[in-house]
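For reference, the structure is listed below as structure tokens.
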Amino acid sequence: MTSDMRITWTLAGSGWADCTLEDRLAKAEPTASYITSAPEELLTAVARLVAGETETRVQFEAEPTAYRWIFYREGEDIWIRVLELRDGSDHDNRGTEIWSSQLGIDQLARTVIRCFDELAQTYGESGYRGKWGEHFPRTELEALRHLWHTHHRSDNT
């Protein structure tokens with residue numbers, strides 16, 4: 001499996017974020033606009049995977065481009081595909097795959113939690129709101145953290 005995945009979320013301007021995804025093999029930089037709840041949706045999608053869901057999706061709108069994240073889970077393994085679409089309403093098969101990876105559920109949860117912890121540390125919750133235009137996704141982050149700790153403990157008992 002691919003390892004060393006990193007996600008970085010950078011508030012690029014008022015209501016815009018650059019999300020960098022990288023591992024040892026590839027790097028992609030999808031953009032997100034505040035017109036959708038991209039941070040909350042990403043955190044919630046990963047939480048659903050940790051809870052046992054086998055497929056989930058997230059879409060970042062970049063007006064008019066969209067970036068669709070598709071997650072598949074089998075056992076403890078996660079496959080991620082990120083597609084770039086000209087329009088957010090396009091079918092998956094009209095998109096161009098800009099990044100894909102395979103990793104364990106624990107690694108994915110850790111990576112996403114670390115990303116948002118770093119975001120809170122960099123901007124602070126009020127700075128985040130000032131740049132993004134919405135509240136920091138604290139509820140979704142803590143829900144993911146709780147699920148991951150519960151999942152991680154149950155695997156080690």
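Here, A, B, ... name the chains of the structure tokens in the order displayed, residue numbers run from 1 inside each chain, and ligands are numbered from 1 in the same displayed order.
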| said: Using DSSP assignments from the backbone, pull out every residue in range 41-95 of chain A that falls under alpha helix (DSSP H) and give it to me as a VMD selection string. | reply: chain A and resid 41 to 50
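Near range 112-121 of chain A, within a cut-off of 6 Å and counting only C-alpha atoms, sit the residues Ile7, Thr8 and Glu125 of chain A, with same-chain residues fewer than 4 positions away left out.
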Among range 5-123 of chain A, which residues does DSSP mark as strand (DSSP E) when it is run on the backbone? Keep the chain and numbering as in the structure and answer as an mmCIF file with N, CA and C atoms, in the first residue's frame.
data_model
loop_
_atom_site.group_PDB
_atom_site.id
_atom_site.type_symbol
_atom_site.label_atom_id
_atom_site.label_comp_id
_atom_site.auth_asym_id
_atom_site.auth_seq_id
_atom_site.Cartn_x
_atom_site.Cartn_y
_atom_site.Cartn_z
ATOM 1 N N ARG A 6 -0.198 12.868 2.776
ATOM 2 C CA ARG A 6 -0.309 14.150 3.472
ATOM 3 C C ARG A 6 -1.380 14.989 2.788
ATOM 4 N N ILE A 7 -2.200 15.650 3.603
ATOM 5 C CA ILE A 7 -3.193 16.589 3.102
ATOM 6 C C ILE A 7 -2.927 17.929 3.782
ATOM 7 N N THR A 8 -2.838 18.963 2.989
ATOM 8 C CA THR A 8 -2.649 20.311 3.509
ATOM 9 C C THR A 8 -3.772 21.185 2.996
ATOM 10 N N TRP A 9 -4.402 21.910 3.891
ATOM 11 C CA TRP A 9 -5.523 22.790 3.555
ATOM 12 C C TRP A 9 -5.044 24.217 3.788
ATOM 13 N N THR A 10 -4.972 25.013 2.729
ATOM 14 C CA THR A 10 -4.485 26.387 2.837
ATOM 15 C C THR A 10 -5.589 27.345 2.433
ATOM 16 N N LEU A 11 -5.906 28.284 3.303
ATOM 17 C CA LEU A 11 -6.920 29.284 2.972
ATOM 18 C C LEU A 11 -6.277 30.303 2.044
ATOM 19 N N ALA A 12 -6.685 30.256 0.771
ATOM 20 C CA ALA A 12 -6.026 31.020 -0.283
ATOM 21 C C ALA A 12 -6.553 32.439 -0.414
ATOM 22 N N GLY A 13 -7.733 32.681 0.030
ATOM 23 C CA GLY A 13 -8.343 33.995 -0.076
ATOM 24 C C GLY A 13 -9.719 33.911 0.525
ATOM 25 N N TRP A 16 -11.908 30.817 -0.340
ATOM 26 C CA TRP A 16 -11.207 29.871 -1.210
ATOM 27 C C TRP A 16 -10.158 29.109 -0.420
ATOM 28 N N ALA A 17 -10.004 27.829 -0.744
ATOM 29 C CA ALA A 17 -8.978 27.005 -0.106
ATOM 30 C C ALA A 17 -8.294 26.140 -1.161
ATOM 31 N N ASP A 18 -7.007 25.970 -0.984
ATOM 32 C CA ASP A 18 -6.232 25.041 -1.802
ATOM 33 C C ASP A 18 -5.955 23.834 -0.938
ATOM 34 N N CYS A 19 -6.262 22.672 -1.462
ATOM 35 C CA CYS A 19 -6.060 21.424 -0.743
ATOM 36 C C CYS A 19 -4.986 20.645 -1.487
ATOM 37 N N THR A 20 -3.864 20.408 -0.847
ATOM 38 C CA THR A 20 -2.789 19.648 -1.478
ATOM 39 C C THR A 20 -2.831 18.224 -0.945
ATOM 40 N N LEU A 21 -2.887 17.274 -1.868
ATOM 41 C CA LEU A 21 -2.862 15.841 -1.554
ATOM 42 C C LEU A 21 -1.562 15.296 -2.099
ATOM 43 N N GLU A 22 -0.829 14.594 -1.276
ATOM 44 C CA GLU A 22 0.393 14.015 -1.812
ATOM 45 C C GLU A 22 0.774 12.749 -1.067
ATOM 46 N N LYS A 27 1.044 14.008 -6.581
ATOM 47 C CA LYS A 27 0.575 15.189 -5.868
ATOM 48 C C LYS A 27 -0.540 15.823 -6.699
ATOM 49 N N ALA A 28 -1.566 16.314 -6.023
ATOM 50 C CA ALA A 28 -2.665 17.020 -6.699
ATOM 51 C C ALA A 28 -3.079 18.193 -5.825
ATOM 52 N N THR A 31 -9.010 22.635 -5.553
ATOM 53 C CA THR A 31 -9.425 23.894 -4.938
ATOM 54 C C THR A 31 -10.856 23.736 -4.445
ATOM 55 N N ALA A 32 -11.185 24.461 -3.387
ATOM 56 C CA ALA A 32 -12.552 24.424 -2.857
ATOM 57 C C ALA A 32 -13.027 25.851 -2.614
ATOM 58 N N SER A 33 -14.294 26.060 -2.888
ATOM 59 C CA SER A 33 -14.941 27.333 -2.609
ATOM 60 C C SER A 33 -15.897 27.139 -1.437
ATOM 61 N N GLU A 55 -18.513 2.934 0.787
ATOM 62 C CA GLU A 55 -18.294 3.904 -0.278
ATOM 63 C C GLU A 55 -18.887 5.240 0.133
ATOM 64 N N THR A 56 -18.138 6.296 -0.135
ATOM 65 C CA THR A 56 -18.643 7.638 0.118
ATOM 66 C C THR A 56 -17.951 8.611 -0.822
ATOM 67 N N ARG A 57 -18.554 9.777 -0.967
ATOM 68 C CA ARG A 57 -18.045 10.783 -1.900
ATOM 69 C C ARG A 57 -18.102 12.163 -1.284
ATOM 70 N N VAL A 58 -17.224 13.025 -1.788
ATOM 71 C CA VAL A 58 -17.192 14.430 -1.395
ATOM 72 C C VAL A 58 -16.940 15.222 -2.671
ATOM 73 N N GLN A 59 -17.561 16.376 -2.773
ATOM 74 C CA GLN A 59 -17.300 17.205 -3.941
ATOM 75 C C GLN A 59 -16.935 18.617 -3.510
ATOM 76 N N PHE A 60 -15.805 19.092 -4.032
ATOM 77 C CA PHE A 60 -15.372 20.467 -3.830
ATOM 78 C C PHE A 60 -15.769 21.252 -5.074
ATOM 79 N N GLU A 61 -16.461 22.337 -4.906
ATOM 80 C CA GLU A 61 -16.808 23.211 -6.033
ATOM 81 C C GLU A 61 -15.750 24.288 -6.155
ATOM 82 N N ALA A 66 -15.114 21.304 -10.666
ATOM 83 C CA ALA A 66 -15.414 20.595 -9.427
ATOM 84 C C ALA A 66 -14.387 19.482 -9.255
ATOM 85 N N TYR A 67 -14.135 19.130 -8.002
ATOM 86 C CA TYR A 67 -13.235 18.032 -7.670
ATOM 87 C C TYR A 67 -14.023 17.030 -6.850
ATOM 88 N N ARG A 68 -14.156 15.835 -7.370
ATOM 89 C CA ARG A 68 -14.936 14.793 -6.706
ATOM 90 C C ARG A 68 -13.993 13.752 -6.120
ATOM 91 N N TRP A 69 -14.104 13.551 -4.812
ATOM 92 C CA TRP A 69 -13.342 12.541 -4.089
ATOM 93 C C TRP A 69 -14.238 11.318 -3.965
ATOM 94 N N ILE A 70 -13.725 10.162 -4.361
ATOM 95 C CA ILE A 70 -14.482 8.922 -4.265
ATOM 96 C C ILE A 70 -13.669 7.966 -3.388
ATOM 97 N N PHE A 71 -14.298 7.509 -2.313
ATOM 98 C CA PHE A 71 -13.640 6.626 -1.354
ATOM 99 C C PHE A 71 -14.320 5.257 -1.387
ATOM 100 N N TYR A 72 -13.523 4.198 -1.436
ATOM 101 C CA TYR A 72 -14.021 2.830 -1.319
ATOM 102 C C TYR A 72 -13.289 2.167 -0.166
ATOM 103 N N ARG A 73 -14.034 1.422 0.633
ATOM 104 C CA ARG A 73 -13.418 0.696 1.746
ATOM 105 C C ARG A 73 -13.690 -0.791 1.595
ATOM 106 N N GLU A 74 -12.635 -1.589 1.792
ATOM 107 C CA GLU A 74 -12.759 -3.047 1.862
ATOM 108 C C GLU A 74 -11.899 -3.490 3.039
ATOM 109 N N ASP A 77 -8.733 -1.458 4.284
ATOM 110 C CA ASP A 77 -8.112 -0.751 3.166
ATOM 111 C C ASP A 77 -9.059 0.268 2.541
ATOM 112 N N ILE A 78 -8.496 1.414 2.176
ATOM 113 C CA ILE A 78 -9.246 2.483 1.530
ATOM 114 C C ILE A 78 -8.599 2.791 0.185
ATOM 115 N N TRP A 79 -9.416 2.926 -0.835
ATOM 116 C CA TRP A 79 -8.974 3.393 -2.133
ATOM 117 C C TRP A 79 -9.599 4.765 -2.342
ATOM 118 N N ILE A 80 -8.782 5.718 -2.742
ATOM 119 C CA ILE A 80 -9.251 7.087 -2.964
ATOM 120 C C ILE A 80 -8.959 7.470 -4.411
ATOM 121 N N ARG A 81 -9.954 8.047 -5.058
ATOM 122 C CA ARG A 81 -9.779 8.636 -6.396
ATOM 123 C C ARG A 81 -10.266 10.079 -6.313
ATOM 124 N N VAL A 82 -9.530 10.999 -6.912
ATOM 125 C CA VAL A 82 -9.971 12.380 -7.007
ATOM 126 C C VAL A 82 -10.081 12.715 -8.489
ATOM 127 N N LEU A 83 -11.280 13.127 -8.880
ATOM 128 C CA LEU A 83 -11.549 13.473 -10.269
ATOM 129 C C LEU A 83 -11.715 14.976 -10.415
ATOM 130 N N GLU A 84 -11.207 15.521 -11.498
ATOM 131 C CA GLU A 84 -11.464 16.914 -11.849
ATOM 132 C C GLU A 84 -12.539 16.911 -12.933
ATOM 133 N N LEU A 85 -13.599 17.678 -12.702
ATOM 134 C CA LEU A 85 -14.720 17.735 -13.639
ATOM 135 C C LEU A 85 -14.920 19.174 -14.105
ATOM 136 N N THR A 96 -11.499 13.698 -15.094
ATOM 137 C CA THR A 96 -10.116 13.273 -15.269
ATOM 138 C C THR A 96 -9.554 12.951 -13.893
ATOM 139 N N GLU A 97 -9.029 11.746 -13.740
ATOM 140 C CA GLU A 97 -8.429 11.379 -12.459
ATOM 141 C C GLU A 97 -7.143 12.159 -12.276
ATOM 142 N N ILE A 98 -7.069 12.960 -11.194
ATOM 143 C CA ILE A 98 -5.863 13.750 -10.931
ATOM 144 C C ILE A 98 -5.034 13.167 -9.795
ATOM 145 N N TRP A 99 -5.612 12.224 -9.038
ATOM 146 C CA TRP A 99 -4.868 11.614 -7.939
ATOM 147 C C TRP A 99 -5.590 10.356 -7.497
ATOM 148 N N SER A 100 -4.834 9.351 -7.106
ATOM 149 C CA SER A 100 -5.425 8.156 -6.505
ATOM 150 C C SER A 100 -4.410 7.555 -5.544
ATOM 151 N N SER A 101 -4.930 6.840 -4.577
ATOM 152 C CA SER A 101 -4.057 6.229 -3.590
ATOM 153 C C SER A 101 -4.793 5.095 -2.895
ATOM 154 N N GLN A 102 -4.029 4.238 -2.271
ATOM 155 C CA GLN A 102 -4.568 3.167 -1.448
ATOM 156 C C GLN A 102 -3.852 3.225 -0.112
ATOM 157 N N LEU A 103 -4.607 3.171 0.976
ATOM 158 C CA LEU A 103 -4.011 3.220 2.297
ATOM 159 C C LEU A 103 -4.952 2.600 3.299
ATOM 160 N N GLY A 104 -4.477 2.463 4.513
ATOM 161 C CA GLY A 104 -5.296 1.902 5.577
ATOM 162 C C GLY A 104 -6.224 2.951 6.171
#
| said: Under the rule that only C-alpha atoms are counted, which of A:Arg145, A:Arg86, A:His135, A:Arg129 is the nearest residue to Arg48 in chain A? | reply: A:Arg145
| said: I need the residue nearest Asp106 in chain A from this list: A:Gly75, A:Pro39, A:Gly133, A:Gly88. Use only C-alpha atoms for the distance. | reply: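 For Asp106 in chain A, the nearest of the given residues is A:Gly75.
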| message | For Trp132 in chain A, find every residue with an atom within 6 Å (counting only C-alpha atoms), except residues of its own chain fewer than 4 positions away, and show them as a ChimeraX atom specification. | response | /A:14-15,128
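Among the candidates A:Lys131, A:Pro64, A:Ala51, A:Tyr123, the one nearest to His149 in chain A when counting only C-alpha atoms is A:Ala51.
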